Each structure stands twice: as C-alpha cells, then as structure tokens.
$ cat protein-v1.txt   # compact mmCIF, C-alpha atoms and all ligand atoms
# COMPACT_ATOMS: atom_id res chain seq x y z
CA MET A 1 19.25 14.46 -2.16
CA ASN A 2 16.60 15.35 0.40
CA VAL A 3 13.39 13.89 -0.99
CA LEU A 4 10.05 14.99 0.43
CA VAL A 5 7.67 12.04 0.11
CA LEU A 6 3.98 12.94 0.11
CA ASN A 7 0.83 10.87 0.40
CA SER A 8 -2.04 13.25 -0.06
CA GLY A 9 -5.51 12.10 1.06
CA SER A 10 -8.89 13.79 1.36
CA SER A 11 -8.35 15.23 4.84
CA SER A 12 -4.85 14.05 5.67
CA LEU A 13 -1.34 14.57 4.34
CA LYS A 14 1.37 12.05 5.24
CA PHE A 15 4.97 13.12 4.74
CA GLN A 16 8.53 11.90 5.17
CA VAL A 17 11.87 13.41 4.31
CA ILE A 18 14.40 10.83 3.16
CA ALA A 19 18.02 11.60 2.33
CA THR A 20 19.12 9.32 -0.48
CA ASP A 21 21.10 9.20 -3.72
CA LEU A 22 22.41 6.49 -6.04
CA ASP A 23 25.35 5.62 -3.76
CA ARG A 24 23.16 5.47 -0.67
CA ILE A 25 20.67 3.27 -2.53
CA ARG A 26 23.45 0.86 -3.52
CA GLU A 27 24.87 0.77 0.01
CA TYR A 28 21.49 0.82 1.70
CA LYS A 29 22.38 4.01 3.53
CA ASP A 30 19.22 6.04 2.94
CA GLU A 31 18.32 8.11 5.98
CA ARG A 32 14.87 9.04 7.17
CA LEU A 33 15.22 12.58 8.51
CA CYS A 34 11.66 13.09 9.75
CA TRP A 35 8.11 11.97 9.18
CA GLY A 36 4.57 12.74 10.23
CA GLU A 37 1.02 13.44 9.28
CA VAL A 38 -1.40 16.34 9.09
CA GLU A 39 -4.89 15.25 10.07
CA GLY A 40 -8.16 17.15 9.91
CA MET A 41 -7.28 19.53 7.06
CA GLY A 42 -10.14 21.91 6.37
CA GLY A 43 -10.44 22.96 10.02
CA GLU A 44 -8.19 23.05 13.06
CA ALA A 45 -5.65 20.47 11.89
CA ILE A 46 -3.47 18.25 14.08
CA ILE A 47 0.15 17.90 12.95
CA LYS A 48 2.08 14.91 14.25
CA PHE A 49 5.80 15.26 13.72
CA GLN A 50 8.67 12.92 14.44
CA PRO A 51 12.31 13.88 13.83
CA ARG A 52 14.88 11.08 13.35
CA SER A 53 16.11 11.60 16.88
CA GLY A 54 14.37 13.36 19.72
CA PRO A 55 10.82 13.39 20.97
CA SER A 56 7.75 13.55 18.75
CA LYS A 57 5.69 16.72 18.61
CA THR A 58 1.99 17.30 18.20
CA LEU A 59 0.96 20.72 16.95
CA THR A 60 -2.32 22.31 15.90
CA ALA A 61 -3.00 24.96 13.30
CA PRO A 62 -5.93 26.06 11.16
CA LEU A 63 -5.07 24.56 7.75
CA ARG A 64 -7.78 24.98 5.14
CA ASP A 65 -6.41 22.67 2.45
CA VAL A 66 -3.43 20.62 1.28
CA GLY A 67 -1.64 23.77 0.05
CA ALA A 68 -1.79 25.35 3.51
CA ALA A 69 -0.80 22.03 5.14
CA LEU A 70 2.21 21.58 2.87
CA ASP A 71 3.31 25.17 3.37
CA TYR A 72 3.07 24.67 7.15
CA ILE A 73 5.06 21.43 7.34
CA VAL A 74 7.77 22.57 4.93
CA ARG A 75 8.33 25.77 6.90
CA PHE A 76 8.24 23.85 10.16
CA ILE A 77 10.81 21.30 8.98
CA ALA A 78 13.07 24.15 7.82
CA SER A 79 12.76 25.92 11.19
CA ASP A 80 15.01 25.49 14.25
CA ARG A 81 12.13 23.90 16.14
CA SER A 82 12.02 20.77 13.99
CA GLY A 83 15.28 19.12 15.02
CA VAL A 84 16.17 18.41 11.37
CA PRO A 85 19.60 20.11 10.95
CA GLU A 86 19.96 18.93 7.32
CA ILE A 87 17.11 21.23 6.28
CA LYS A 88 17.65 24.87 7.11
CA HIS A 89 15.49 26.48 4.45
CA THR A 90 12.98 25.40 1.83
CA GLY A 91 15.76 25.30 -0.80
CA ASP A 92 17.22 22.25 1.00
CA PHE A 93 14.47 20.05 -0.42
CA ASN A 94 15.81 18.62 -3.68
CA ALA A 95 12.79 16.71 -4.97
CA VAL A 96 9.25 15.62 -4.16
CA GLY A 97 7.98 12.06 -4.59
CA HIS A 98 4.22 11.52 -4.62
CA ARG A 99 2.25 8.38 -3.96
CA VAL A 100 -0.36 8.29 -6.72
CA VAL A 101 -3.06 5.66 -6.41
CA HIS A 102 -4.16 5.06 -9.99
CA GLY A 103 -1.96 5.15 -13.06
CA GLY A 104 -4.44 3.33 -15.33
CA GLU A 105 -2.86 1.69 -18.38
CA MET A 106 -0.78 4.74 -19.13
CA PHE A 107 1.78 4.49 -16.32
CA GLN A 108 3.75 1.26 -16.07
CA GLU A 109 6.48 2.80 -13.98
CA SER A 110 7.25 5.88 -11.91
CA ALA A 111 7.29 9.10 -13.91
CA ARG A 112 8.73 12.58 -13.60
CA ILE A 113 5.80 14.96 -13.39
CA ASP A 114 5.36 17.42 -16.23
CA ASP A 115 2.14 18.77 -17.73
CA LYS A 116 1.62 15.64 -19.80
CA VAL A 117 2.04 13.31 -16.80
CA LEU A 118 -0.23 15.51 -14.71
CA LYS A 119 -2.88 15.32 -17.44
CA GLY A 120 -2.48 11.51 -17.46
CA ILE A 121 -3.05 11.37 -13.69
CA GLU A 122 -6.12 13.57 -14.12
CA ASP A 123 -7.38 11.26 -16.86
CA CYS A 124 -7.30 8.40 -14.33
CA ILE A 125 -9.65 10.26 -11.97
CA ASP A 126 -12.55 8.40 -13.54
CA LEU A 127 -11.00 5.12 -12.34
CA ALA A 128 -10.16 6.36 -8.82
CA PRO A 129 -12.52 9.23 -8.04
CA LEU A 130 -11.81 9.09 -4.31
CA HIS A 131 -8.02 9.08 -4.55
CA ASN A 132 -6.51 10.64 -7.67
CA PRO A 133 -8.07 14.11 -7.17
CA ASN A 134 -6.29 14.36 -3.81
CA ASN A 135 -3.01 13.22 -5.36
CA VAL A 136 -3.38 15.89 -8.05
CA LYS A 137 -4.02 18.51 -5.36
CA GLY A 138 -0.82 17.42 -3.58
CA ILE A 139 1.19 17.77 -6.80
CA LEU A 140 -0.24 21.21 -7.58
CA ALA A 141 0.37 22.38 -4.01
CA ALA A 142 4.03 21.29 -4.20
CA ARG A 143 4.42 23.02 -7.57
CA GLU A 144 2.93 26.19 -6.15
CA LEU A 145 5.17 26.11 -3.07
CA PHE A 146 8.49 25.06 -4.61
CA GLY A 147 8.03 26.33 -8.17
CA SER A 148 8.03 24.16 -11.28
CA ASP A 149 11.84 23.81 -11.38
CA LEU A 150 11.90 21.45 -8.38
CA PRO A 151 11.64 17.90 -9.78
CA GLN A 152 8.54 15.96 -8.78
CA VAL A 153 7.98 12.27 -9.41
CA ALA A 154 4.78 10.21 -9.32
CA VAL A 155 5.00 6.63 -8.00
CA PHE A 156 1.87 4.66 -8.82
CA ASP A 157 0.17 2.00 -6.69
CA THR A 158 -0.91 0.26 -9.88
CA ALA A 159 2.42 0.29 -11.78
CA PHE A 160 3.96 -2.89 -10.35
CA HIS A 161 0.92 -4.84 -11.52
CA SER A 162 1.20 -3.66 -15.13
CA SER A 163 2.94 -6.98 -15.89
CA ILE A 164 -0.24 -8.98 -15.17
CA PRO A 165 -1.25 -10.88 -18.32
CA GLU A 166 -4.55 -10.42 -20.14
CA GLN A 167 -6.05 -13.65 -18.85
CA ALA A 168 -5.68 -12.35 -15.28
CA TYR A 169 -6.62 -8.73 -15.82
CA LEU A 170 -9.68 -9.08 -18.04
CA TYR A 171 -13.07 -9.65 -16.47
CA ALA A 172 -15.51 -11.94 -18.27
CA LEU A 173 -17.68 -9.02 -19.35
CA PRO A 174 -18.58 -7.97 -22.90
CA TYR A 175 -15.18 -7.11 -24.37
CA HIS A 176 -16.34 -3.74 -25.66
CA LEU A 177 -16.62 -2.55 -22.05
CA TYR A 178 -12.89 -2.99 -21.72
CA ARG A 179 -12.34 -1.15 -25.00
CA ARG A 180 -14.72 1.67 -24.16
CA HIS A 181 -14.08 2.19 -20.47
CA ARG A 182 -10.85 0.30 -19.70
CA ILE A 183 -12.69 -1.91 -17.20
CA ARG A 184 -10.06 -4.41 -16.09
CA ARG A 185 -8.00 -5.46 -13.06
CA TYR A 186 -5.31 -2.92 -12.23
CA GLY A 187 -4.36 -3.93 -8.70
CA PHE A 188 -3.06 -1.66 -5.94
CA HIS A 189 -0.50 -1.64 -3.09
CA GLY A 190 2.03 -2.20 -5.89
CA THR A 191 4.77 -0.23 -4.14
CA SER A 192 4.36 -2.38 -1.03
CA HIS A 193 4.33 -5.71 -2.89
CA ARG A 194 7.36 -4.58 -4.88
CA TYR A 195 9.25 -3.45 -1.79
CA VAL A 196 8.77 -6.69 0.17
CA ALA A 197 9.61 -8.75 -2.91
CA PHE A 198 12.84 -6.76 -3.15
CA ARG A 199 13.61 -7.30 0.56
CA TYR A 200 12.84 -11.02 0.24
CA ARG A 201 15.34 -11.45 -2.55
CA ALA A 202 17.91 -9.36 -0.66
CA LEU A 203 17.44 -11.54 2.45
CA ARG A 204 17.88 -14.72 0.45
CA GLY A 205 20.54 -13.44 -1.93
CA LEU A 206 18.43 -14.17 -4.99
CA THR A 207 18.03 -12.40 -8.30
CA ARG A 208 14.77 -10.87 -9.35
CA GLU A 209 14.21 -13.72 -11.80
CA GLN A 210 14.52 -16.21 -8.93
CA THR A 211 11.79 -14.51 -6.93
CA ASN A 212 8.64 -16.69 -6.89
CA ILE A 213 6.48 -15.65 -3.97
CA ILE A 214 3.01 -14.79 -2.77
CA THR A 215 2.91 -11.49 -0.93
CA LEU A 216 0.09 -10.66 1.47
CA HIS A 217 -0.29 -6.99 2.33
CA LEU A 218 -2.65 -7.09 5.33
CA GLY A 219 -3.35 -3.66 6.74
CA ASN A 220 -6.48 -1.56 6.77
CA GLY A 221 -6.60 -2.33 3.07
CA CYS A 222 -5.55 -5.86 2.14
CA SER A 223 -4.30 -7.46 -1.04
CA ALA A 224 -2.43 -10.53 -2.22
CA ALA A 225 -0.04 -10.71 -5.15
CA ALA A 226 1.35 -13.67 -7.07
CA ILE A 227 4.90 -12.71 -8.04
CA ARG A 228 6.67 -14.94 -10.56
CA ALA A 229 10.20 -14.25 -11.72
CA GLY A 230 10.00 -10.98 -9.78
CA ARG A 231 6.98 -9.68 -11.67
CA SER A 232 3.36 -9.40 -10.66
CA LEU A 233 1.40 -12.21 -12.30
CA ASP A 234 -1.92 -11.65 -10.54
CA THR A 235 -3.29 -9.65 -7.65
CA SER A 236 -6.49 -9.63 -5.63
CA MET A 237 -7.56 -6.00 -5.91
CA GLY A 238 -9.25 -5.19 -9.18
CA MET A 239 -10.36 -2.14 -11.07
CA THR A 240 -10.75 -0.51 -7.65
CA PRO A 241 -9.31 -1.44 -4.23
CA LEU A 242 -12.63 -3.09 -3.26
CA GLU A 243 -12.06 -6.55 -4.73
CA GLY A 244 -10.28 -9.49 -3.15
CA LEU A 245 -9.46 -10.05 0.51
CA VAL A 246 -11.63 -9.04 3.46
CA MET A 247 -10.40 -5.65 4.71
CA GLY A 248 -10.99 -3.30 7.66
CA THR A 249 -14.16 -1.79 6.20
CA ARG A 250 -14.26 -3.23 2.64
CA SER A 251 -16.08 -6.42 1.70
CA GLY A 252 -13.60 -7.78 -0.83
CA ASP A 253 -15.01 -10.43 -3.20
CA LEU A 254 -18.74 -10.98 -3.40
CA ASP A 255 -21.37 -12.13 -5.86
CA PRO A 256 -21.89 -9.05 -8.08
CA ALA A 257 -25.65 -9.64 -8.07
CA ILE A 258 -25.66 -8.83 -4.33
CA VAL A 259 -24.94 -5.18 -5.11
CA ASN A 260 -28.26 -4.58 -6.87
CA PHE A 261 -30.06 -6.79 -4.41
CA ILE A 262 -28.88 -4.70 -1.44
CA ALA A 263 -29.73 -1.48 -3.25
CA ARG A 264 -33.30 -2.70 -3.92
CA LYS A 265 -33.94 -4.22 -0.51
CA GLU A 266 -32.41 -1.38 1.50
CA GLY A 267 -33.57 1.44 -0.80
CA LEU A 268 -30.02 2.66 -1.41
CA SER A 269 -28.70 4.69 -4.34
CA PRO A 270 -25.70 3.36 -6.30
CA SER A 271 -23.34 5.65 -4.42
CA GLU A 272 -24.83 4.71 -1.04
CA THR A 273 -24.37 1.03 -1.92
CA ASP A 274 -20.80 1.78 -2.89
CA THR A 275 -20.25 3.47 0.46
CA LEU A 276 -21.72 0.47 2.30
CA LEU A 277 -19.34 -1.91 0.54
CA ASN A 278 -16.32 0.34 1.06
CA THR A 279 -16.84 1.74 4.54
CA GLN A 280 -19.33 -0.41 6.48
CA SER A 281 -18.30 -3.92 5.50
CA GLY A 282 -15.26 -6.14 6.07
CA LEU A 283 -14.09 -6.68 9.67
CA LEU A 284 -16.27 -3.80 10.84
CA GLY A 285 -19.38 -5.08 9.10
CA ILE A 286 -19.09 -8.67 10.33
CA SER A 287 -18.06 -7.87 13.90
CA GLY A 288 -20.36 -4.86 14.24
CA LEU A 289 -17.61 -3.48 16.47
CA THR A 290 -14.47 -2.19 14.81
CA ASN A 291 -12.31 -2.33 11.69
CA ASP A 292 -9.20 -2.62 13.85
CA MET A 293 -7.69 -6.11 13.98
CA ARG A 294 -5.77 -5.43 17.19
CA GLU A 295 -9.00 -4.45 18.97
CA LEU A 296 -10.79 -7.48 17.57
CA GLN A 297 -8.09 -9.77 18.88
CA SER A 298 -8.17 -8.37 22.40
CA GLU A 299 -11.98 -8.49 22.33
CA LEU A 300 -11.82 -12.16 21.31
CA LYS A 301 -9.43 -12.90 24.16
CA GLU A 302 -11.50 -11.11 26.77
CA HIS A 303 -15.07 -11.92 25.76
CA ASP A 304 -14.89 -14.65 23.12
CA ASP A 305 -17.53 -12.76 21.13
CA ARG A 306 -19.05 -14.91 18.34
CA ARG A 307 -19.14 -12.20 15.66
CA VAL A 308 -15.65 -11.04 16.48
CA ARG A 309 -14.46 -14.62 16.07
CA LEU A 310 -16.35 -14.86 12.78
CA ALA A 311 -14.79 -11.65 11.47
CA ILE A 312 -11.27 -12.93 12.17
CA GLU A 313 -12.04 -16.39 10.78
CA ILE A 314 -13.55 -15.05 7.55
CA PHE A 315 -10.60 -12.68 7.14
CA CYS A 316 -8.07 -15.51 7.49
CA TYR A 317 -10.08 -17.99 5.43
CA ARG A 318 -10.21 -15.60 2.47
CA ALA A 319 -6.47 -15.02 2.66
CA ARG A 320 -5.82 -18.78 2.72
CA LYS A 321 -8.10 -19.24 -0.28
CA TYR A 322 -6.03 -16.75 -2.26
CA ILE A 323 -2.80 -18.49 -1.31
CA GLY A 324 -4.23 -21.75 -2.68
CA ALA A 325 -5.42 -20.06 -5.85
CA TYR A 326 -2.09 -18.34 -6.47
CA LEU A 327 -0.09 -21.52 -5.82
CA ALA A 328 -2.12 -23.02 -8.66
CA CYS A 329 -1.78 -19.94 -10.92
CA MET A 330 1.98 -19.70 -10.58
CA ASP A 331 2.81 -23.43 -10.56
CA GLY A 332 3.88 -23.33 -6.91
CA ALA A 333 5.87 -20.71 -5.03
CA ASP A 334 8.98 -20.62 -2.84
CA ALA A 335 7.64 -18.38 -0.07
CA ILE A 336 4.72 -16.50 1.41
CA VAL A 337 5.55 -12.99 2.62
CA PHE A 338 3.39 -11.18 5.18
CA THR A 339 3.39 -7.38 5.42
CA GLY A 340 1.13 -4.44 6.40
CA GLY A 341 0.02 -3.55 9.95
CA ILE A 342 -1.63 -6.93 10.52
CA GLY A 343 0.80 -9.04 8.50
CA GLU A 344 3.81 -7.51 10.27
CA ASN A 345 2.44 -7.52 13.81
CA SER A 346 -0.03 -10.33 14.31
CA PRO A 347 1.46 -13.81 14.82
CA ASP A 348 -2.06 -15.04 15.55
CA VAL A 349 -3.43 -13.99 12.14
CA ARG A 350 -0.37 -15.40 10.36
CA ALA A 351 -0.77 -18.70 12.22
CA ARG A 352 -4.48 -18.89 11.38
CA ILE A 353 -3.80 -18.23 7.70
CA CYS A 354 -1.02 -20.81 7.51
CA ALA A 355 -2.83 -23.47 9.57
CA SER A 356 -3.31 -26.83 7.80
CA MET A 357 -1.11 -25.85 4.89
CA GLU A 358 1.15 -28.90 5.29
CA TRP A 359 -0.31 -30.21 2.02
CA ALA A 360 1.50 -27.31 0.36
CA GLY A 361 4.70 -27.96 2.31
CA LEU A 362 4.17 -25.01 4.69
CA HIS A 363 4.96 -25.35 8.42
CA LEU A 364 5.24 -22.27 10.58
CA ASP A 365 7.74 -22.30 13.44
CA ALA A 366 5.53 -21.20 16.35
CA GLN A 367 8.36 -19.56 18.27
CA LYS A 368 9.82 -17.71 15.29
CA ASN A 369 6.34 -16.58 14.31
CA ASN A 370 5.57 -15.29 17.80
CA ASP A 371 8.89 -13.46 17.98
CA ALA A 372 8.48 -11.73 14.61
CA ILE A 373 6.68 -8.53 15.47
CA GLY A 374 7.43 -5.47 13.37
CA ARG A 375 10.72 -6.84 12.03
CA GLU A 376 12.06 -8.92 9.15
CA ALA A 377 12.10 -12.61 9.98
CA LEU A 378 11.84 -16.10 8.55
CA ILE A 379 8.85 -17.61 10.36
CA SER A 380 8.61 -21.05 8.76
CA ALA A 381 10.14 -24.20 10.30
CA GLY A 382 13.43 -25.66 9.10
CA ASP A 383 11.68 -28.48 7.23
CA SER A 384 9.13 -26.25 5.53
CA LYS A 385 9.36 -26.50 1.73
CA LEU A 386 7.27 -23.40 1.28
CA LEU A 387 8.97 -20.67 3.31
CA ALA A 388 7.16 -17.92 5.20
CA TYR A 389 8.50 -14.47 6.05
CA ALA A 390 7.29 -11.40 7.89
CA ILE A 391 8.73 -8.29 6.22
CA PRO A 392 7.72 -4.76 7.25
CA THR A 393 6.81 -2.70 4.21
CA ASP A 394 8.36 0.68 3.46
CA GLU A 395 6.52 2.34 0.61
CA GLU A 396 7.99 5.76 1.40
CA LEU A 397 11.54 4.49 1.01
CA LEU A 398 10.72 3.03 -2.38
CA ILE A 399 9.01 6.28 -3.43
CA ALA A 400 12.12 8.26 -2.39
CA ARG A 401 14.41 5.85 -4.23
CA ASP A 402 12.27 5.89 -7.38
CA THR A 403 12.24 9.68 -7.23
CA VAL A 404 16.03 9.78 -7.25
CA ARG A 405 16.33 7.14 -9.97
CA VAL A 406 13.77 8.77 -12.25
CA ILE A 407 15.38 12.20 -11.88
CA LEU A 408 18.86 10.86 -12.56
CA GLY A 409 17.67 8.67 -15.43
CA GLU A 410 18.71 5.35 -13.86
CA PRO A 411 16.99 2.33 -15.33
CA HIS A 412 13.98 1.12 -13.39
CA PRO A 413 15.08 -1.77 -11.17
CA SER A 414 11.82 -3.66 -10.67
P1 LIG A 501 -1.94 -0.51 8.21
O1 LIG A 501 -3.10 -0.10 7.33
O2 LIG A 501 -0.89 -1.25 7.44
O3 LIG A 501 -1.42 0.58 9.07
O4 LIG A 501 -2.54 -1.62 9.23
C1 LIG A 501 -3.55 -1.31 10.16
C2 LIG A 501 -4.08 -2.61 10.75
O5 LIG A 501 -3.00 -3.33 11.38
C3 LIG A 501 -5.17 -2.38 11.81
O6 LIG A 501 -6.21 -3.32 11.65
C4 LIG A 501 -4.38 -2.65 13.10
O7 LIG A 501 -5.21 -3.06 14.15
C5 LIG A 501 -3.49 -3.78 12.65
N1 LIG A 501 -2.42 -4.03 13.64
C6 LIG A 501 -1.38 -3.25 13.98
N2 LIG A 501 -0.68 -3.83 14.99
C7 LIG A 501 -1.28 -5.01 15.28
C8 LIG A 501 -1.05 -6.06 16.22
N3 LIG A 501 -0.04 -6.00 17.08
N4 LIG A 501 -1.90 -7.12 16.21
C9 LIG A 501 -2.92 -7.17 15.34
N5 LIG A 501 -3.20 -6.22 14.44
C10 LIG A 501 -2.41 -5.15 14.41
$ encode --input "protein-v1.txt" --output "structure tokens"
Amino acid sequence: MNVLVLNSGSSSLKFQVIATDLDRIREYKDERLCWGEVEGMGGEAIIKFQPRSGPSKTLTAPLRDVGAALDYIVRFIASDRSGVPEIKHTGDFNAVGHRVVHGGEMFQESARIDDKVLKGIEDCIDLAPLHNPNNVKGILAARELFGSDLPQVAVFDTAFHSSIPEQAYLYALPYHLYRRHRIRRYGFHGTSHRYVAFRYRALRGLTREQTNIITLHLGNGCSAAAIRAGRSLDTSMGMTPLEGLVMGTRSGDLDPAIVNFIARKEGLSPSETDTLLNTQSGLLGISGLTNDMRELQSELKEHDDRRVRLAIEIFCYRARKYIGAYLACMDGADAIVFTGGIGENSPDVRARICASMEWAGLHLDAQKNNDAIGREALISAGDSKLLAYAIPTDEELLIARDTVRVILGEPHPS
C-alpha cells in the first residue's frame, strides 16, 4: 500500500509517501518513496520535495490553504517530474495517515477516520486550540481530494501515554476541574517515544514486557517518558506541550504563580502571557539569541557567551532532573534512549545530561557517544549498568504502519 503521511500545521504541511503492508512491516521492508514540506501556505508557498533517489527540488506556487497545498503535492507526486515511478496517478495512493496532536481521553490508539472519529478530534480542539484545528483541516482536505472511500487513519501524539496511571496524570487541583474540564496530564510526542522504545527492544532482542527505559525526545519540542514493561508510566508534557523540559522556545516547568505575576508586572493579557511562555522562552528566552541548539553550541565554542552557556546548562540540568525522577518512579530502568534533532545529533548535550550519573550506574563511552550522530548506537561504556542509546525517531514510519494495521484490522502492537 502507498500511504500518504500528513502532518498538517498552521502554515506548513509535511508529507511522506511510504510503501508498506503487513509483510513489509514484519520484514522491515517499508520503503520511503518521497517526502517534503510545503511552507508559507496562505501566500507564495515554498515546496521542498525529495524523491527516494535523485536530487531534491524546491518549487514555489501560490497556495492559499491546506486544500490547495495537498492538491498541488499529490498532483506533483503523480506527475513525471517527481521521480516517483510507483505513483502515476492519484489513484495510486491507497490510504492517508494523519498525525493528530490531541486525542484527549477518547483515543487510546490510532483510529480509522469516520464522521464519529472526526467529531472526536474536533471535540479535542478545546485542549489543543493551536494544533487540532489544523489536523482537522488536513483530514477534510484529503477527504475532498480523494473522496470519502479512500481510508484515512488518525495517529495521536497523546495515545501512547493513555496507559499513564491516575496518580501520574492527575494534577493536585480541585477534583471537579478534572471532571468538568478533563484537566489532566495527557503527554505528547507519543509516536516518537513509542517508535524508539520499539527500536530499542528490536536492537536488544527483548519483548515489550522487558522494555524498561527512559526516553528523551529532545528536538524543538522536548519531552521525557518513563516506559515500564513497554508502556508509558509517566511523561513530562502535561495537558499541553508546555510542561516539563526546557525547549527551543517553551519554558517547560515553572511555578504556576509566575504566570499571573508576569501578566500583572508586564501588563499582558492571558493569551499574551501564553504566547510568551510558548514562543519567547526556553533556549531562546535564556540565551536572548536563538532557539536552535546547534547555533547555541557553535556560539558557545566561538564566544563563550555567558547566557548561551546558561541556556545549555539549564536545558541539560532539567533533563537530568527528569531522569532522576523517573528512575525513582519506575524503580530503576535498564536504559536511557536519546532521540529528536538534539538527542540524535548532539554528543555534547548527551554527555552533559549523563555527566555524574555514575551513582545510577551510567557511564557514557566518550568515543561511541561522539561517533553516534544521526544513527542508532549504544553509547554507554561496557561496564555501564544503565545503558544509553541514541536512536533516530521515525514518527512517519509508525504513522504509515499504524495506518496499514488499522485498515487491515491487525491488533495494535504497542
Ligand atoms: P527537531 O525538532 O527534532 O527537528 O530538532 C531540532 C533541534 O535539533 C534544533 O534545536 C537543532 O539545532 C537541533 N540539532 C540538529 N542537529 C544538531 C546538531 N548536530 N547539534 C546540536 N543540535 C542539533
């Protein structure tokens, strides 16, 4: 099956086409046919396109919304110009898999999209007002383009964390607020945590039940997950993706009283305060320079800037604090797994996070750590009791696989 995987944002649309089916999943023979992104929807959009083999292409076109963008990329992929011989016309797409950010309490696993599921995703808009509306638009655009007979599947960022127990997902607020408004921890990046947990157990030849790890997804958004017996036991993001680790532009954890304090002192409205915490904080806020870890690291090397150093130190300190907390919550773990743009590519950040963790039995192997850039690798030393891995995430692959499994009615694997 040729599965079109879509991640629909406010002004961008990321896409991949992955050829997969149950045999290919079993034999690990899924094939990525092409991938890319439409940026700047609403005006003159830029379309970046990469076929499996051959050079990448950058195109421009006036694309007013996600419907126009989807129409454009689907027709382009089906054309001779794309270099994707498997897709000759729009009928060669067999299914669409959507990344959906919030599934609330309703969706505990991936779901085939029908009117009821669509209504459920719309009902979660209250919980993710910035994300779910764009996901809904992506689904409607695909329905419009392909017709309602083409199967579509929603894969939720929150679903993997639906196993978190009450004591970890409830906040210590008046209980009626949970009853009335479903205020609780949901967690995000679930597809990424689930994928690297799956790769970890494949690398070690373990069963799901034998998988006891802490996964750190460190990208522009960052989150940690405590995974016991293959299931999410706790995670650092909360009701929204703002809680937890320090991120590119998000503050992560802070004293909740600070929110009102900032609003009063700076004369900000609730939504302006929200914007400050989500878009002007984190690495960007502390450094005053950039949200980009790679840039911060080269700046530190060249100029040894104090605030840049602080931003990196606070980022790593918070991650280490979560590792300690999760080791306690899950009665110890077998491994720490790093993923996401920073986790996969920055030996320096990994080394800073794992420094002085000998008390927990963790020793990184400096050489293995330095060599592990953008690839799967064991990075802990031979005598380390707590192992450490770098494992590149692949959310799109998991979305494509879930799409196939849901359509064919295979039981959910994890
Ligand atoms: P993601 O959101 O997963 O794409 O991750 C984006 C983050 O990964 C940005 O902060 C990038 O600067 C960071 N990143 C990517 N490559 C590297 C690298 N080689 N060293 C440090 N950070 C990196």
$ atom_distance --input "protein-v1.txt" --atom1 "atom CA of A:Ser12" --atom2 "atom CA of A:Val66"
8.0 Å
$ residues_around --input "protein-v1.txt" --residues "stretch 352-369 of chain A" --least-positions-apart "4" --cutoff "10 Å" --atoms "only C-alpha atoms" --output "ChimeraX atom specification"
/A:312-313,315-321,323-324,327,332-336,345-348,373,377-390
$ residues_near_ligand --input "protein-v1.txt" --ligand "ligand LIG 501 (chain A)" --cutoff "9 Å" --atoms "only C-alpha atoms and all ligand atoms" --output "ChimeraX atom specification"
/A:217-222,247-248,283,290-298,339-349,373-374,393
$ residues_around --input "protein-v1.txt" --residues "A:Ala78" --least-positions-apart "4" --cutoff "10 Å" --atoms "all atoms listed in the file" --output "compact mmCIF listing (two decimals) with C-alpha atoms, in the frame of the given file"
# COMPACT_ATOMS: atom_id res chain seq x y z
CA ILE A 73 5.06 21.43 7.34
CA VAL A 74 7.77 22.57 4.93
CA SER A 82 12.02 20.77 13.99
CA GLY A 83 15.28 19.12 15.02
CA VAL A 84 16.17 18.41 11.37
CA PRO A 85 19.60 20.11 10.95
CA GLU A 86 19.96 18.93 7.32
CA ILE A 87 17.11 21.23 6.28
CA LYS A 88 17.65 24.87 7.11
CA HIS A 89 15.49 26.48 4.45
CA THR A 90 12.98 25.40 1.83
CA GLY A 91 15.76 25.30 -0.80
CA ASP A 92 17.22 22.25 1.00
CA PHE A 93 14.47 20.05 -0.42
$ atom_distance --input "protein-v1.txt" --atom1 "atom CA of A:Pro256" --atom2 "atom CA of A:Ala225"
22.1 Å
$ atom_distance --input "protein-v1.txt" --atom1 "atom CA of A:Ile125" --atom2 "atom CA of A:Phe107"
13.5 Å
$ closest_residue --input "protein-v1.txt" --among "A:Thr249, A:Gln210, A:Gln16, A:Ser110" --to "A:Gly288" --atoms "only C-alpha atoms"
A:Thr249
$ residues_around --input "protein-v1.txt" --residues "stretch 7-9 of chain A" --least-positions-apart "4" --cutoff "10 Å" --atoms "all atoms listed in the file" --output "ChimeraX atom specification"
/A:13-16,37-39,41,66,70,97-101,130-139,396
$ residues_around --input "protein-v1.txt" --residues "A:Ile227" --least-positions-apart "3" --cutoff "9 Å" --atoms "all atoms listed in the file" --output "NGL selection string"
:A and (193 or 197 or 211-215 or 230-235 or 330 or 333)
$ write_last_selection --input "protein-v1.txt" --atoms "C-alpha atoms" --output "mmCIF file, in the frame of the given file"
data_model
loop_
_atom_site.group_PDB
_atom_site.id
_atom_site.type_symbol
_atom_site.label_atom_id
_atom_site.label_comp_id
_atom_site.auth_asym_id
_atom_site.auth_seq_id
_atom_site.Cartn_x
_atom_site.Cartn_y
_atom_site.Cartn_z
ATOM 1 C CA HIS A 193 4.330 -5.710 -2.890
ATOM 2 C CA ALA A 197 9.610 -8.750 -2.910
ATOM 3 C CA THR A 211 11.790 -14.510 -6.930
ATOM 4 C CA ASN A 212 8.640 -16.690 -6.890
ATOM 5 C CA ILE A 213 6.480 -15.650 -3.970
ATOM 6 C CA ILE A 214 3.010 -14.790 -2.770
ATOM 7 C CA THR A 215 2.910 -11.490 -0.930
ATOM 8 C CA GLY A 230 10.000 -10.980 -9.780
ATOM 9 C CA ARG A 231 6.980 -9.680 -11.670
ATOM 10 C CA SER A 232 3.360 -9.400 -10.660
ATOM 11 C CA LEU A 233 1.400 -12.210 -12.300
ATOM 12 C CA ASP A 234 -1.920 -11.650 -10.540
ATOM 13 C CA THR A 235 -3.290 -9.650 -7.650
ATOM 14 C CA MET A 330 1.980 -19.700 -10.580
ATOM 15 C CA ALA A 333 5.870 -20.710 -5.030
#
$ residues_around --input "protein-v1.txt" --residues "A:Pro270" --least-positions-apart "3" --cutoff "9 Å" --atoms "only C-alpha atoms" --output "PyMOL selection string"
chain A and resi 259-260+263+273-275
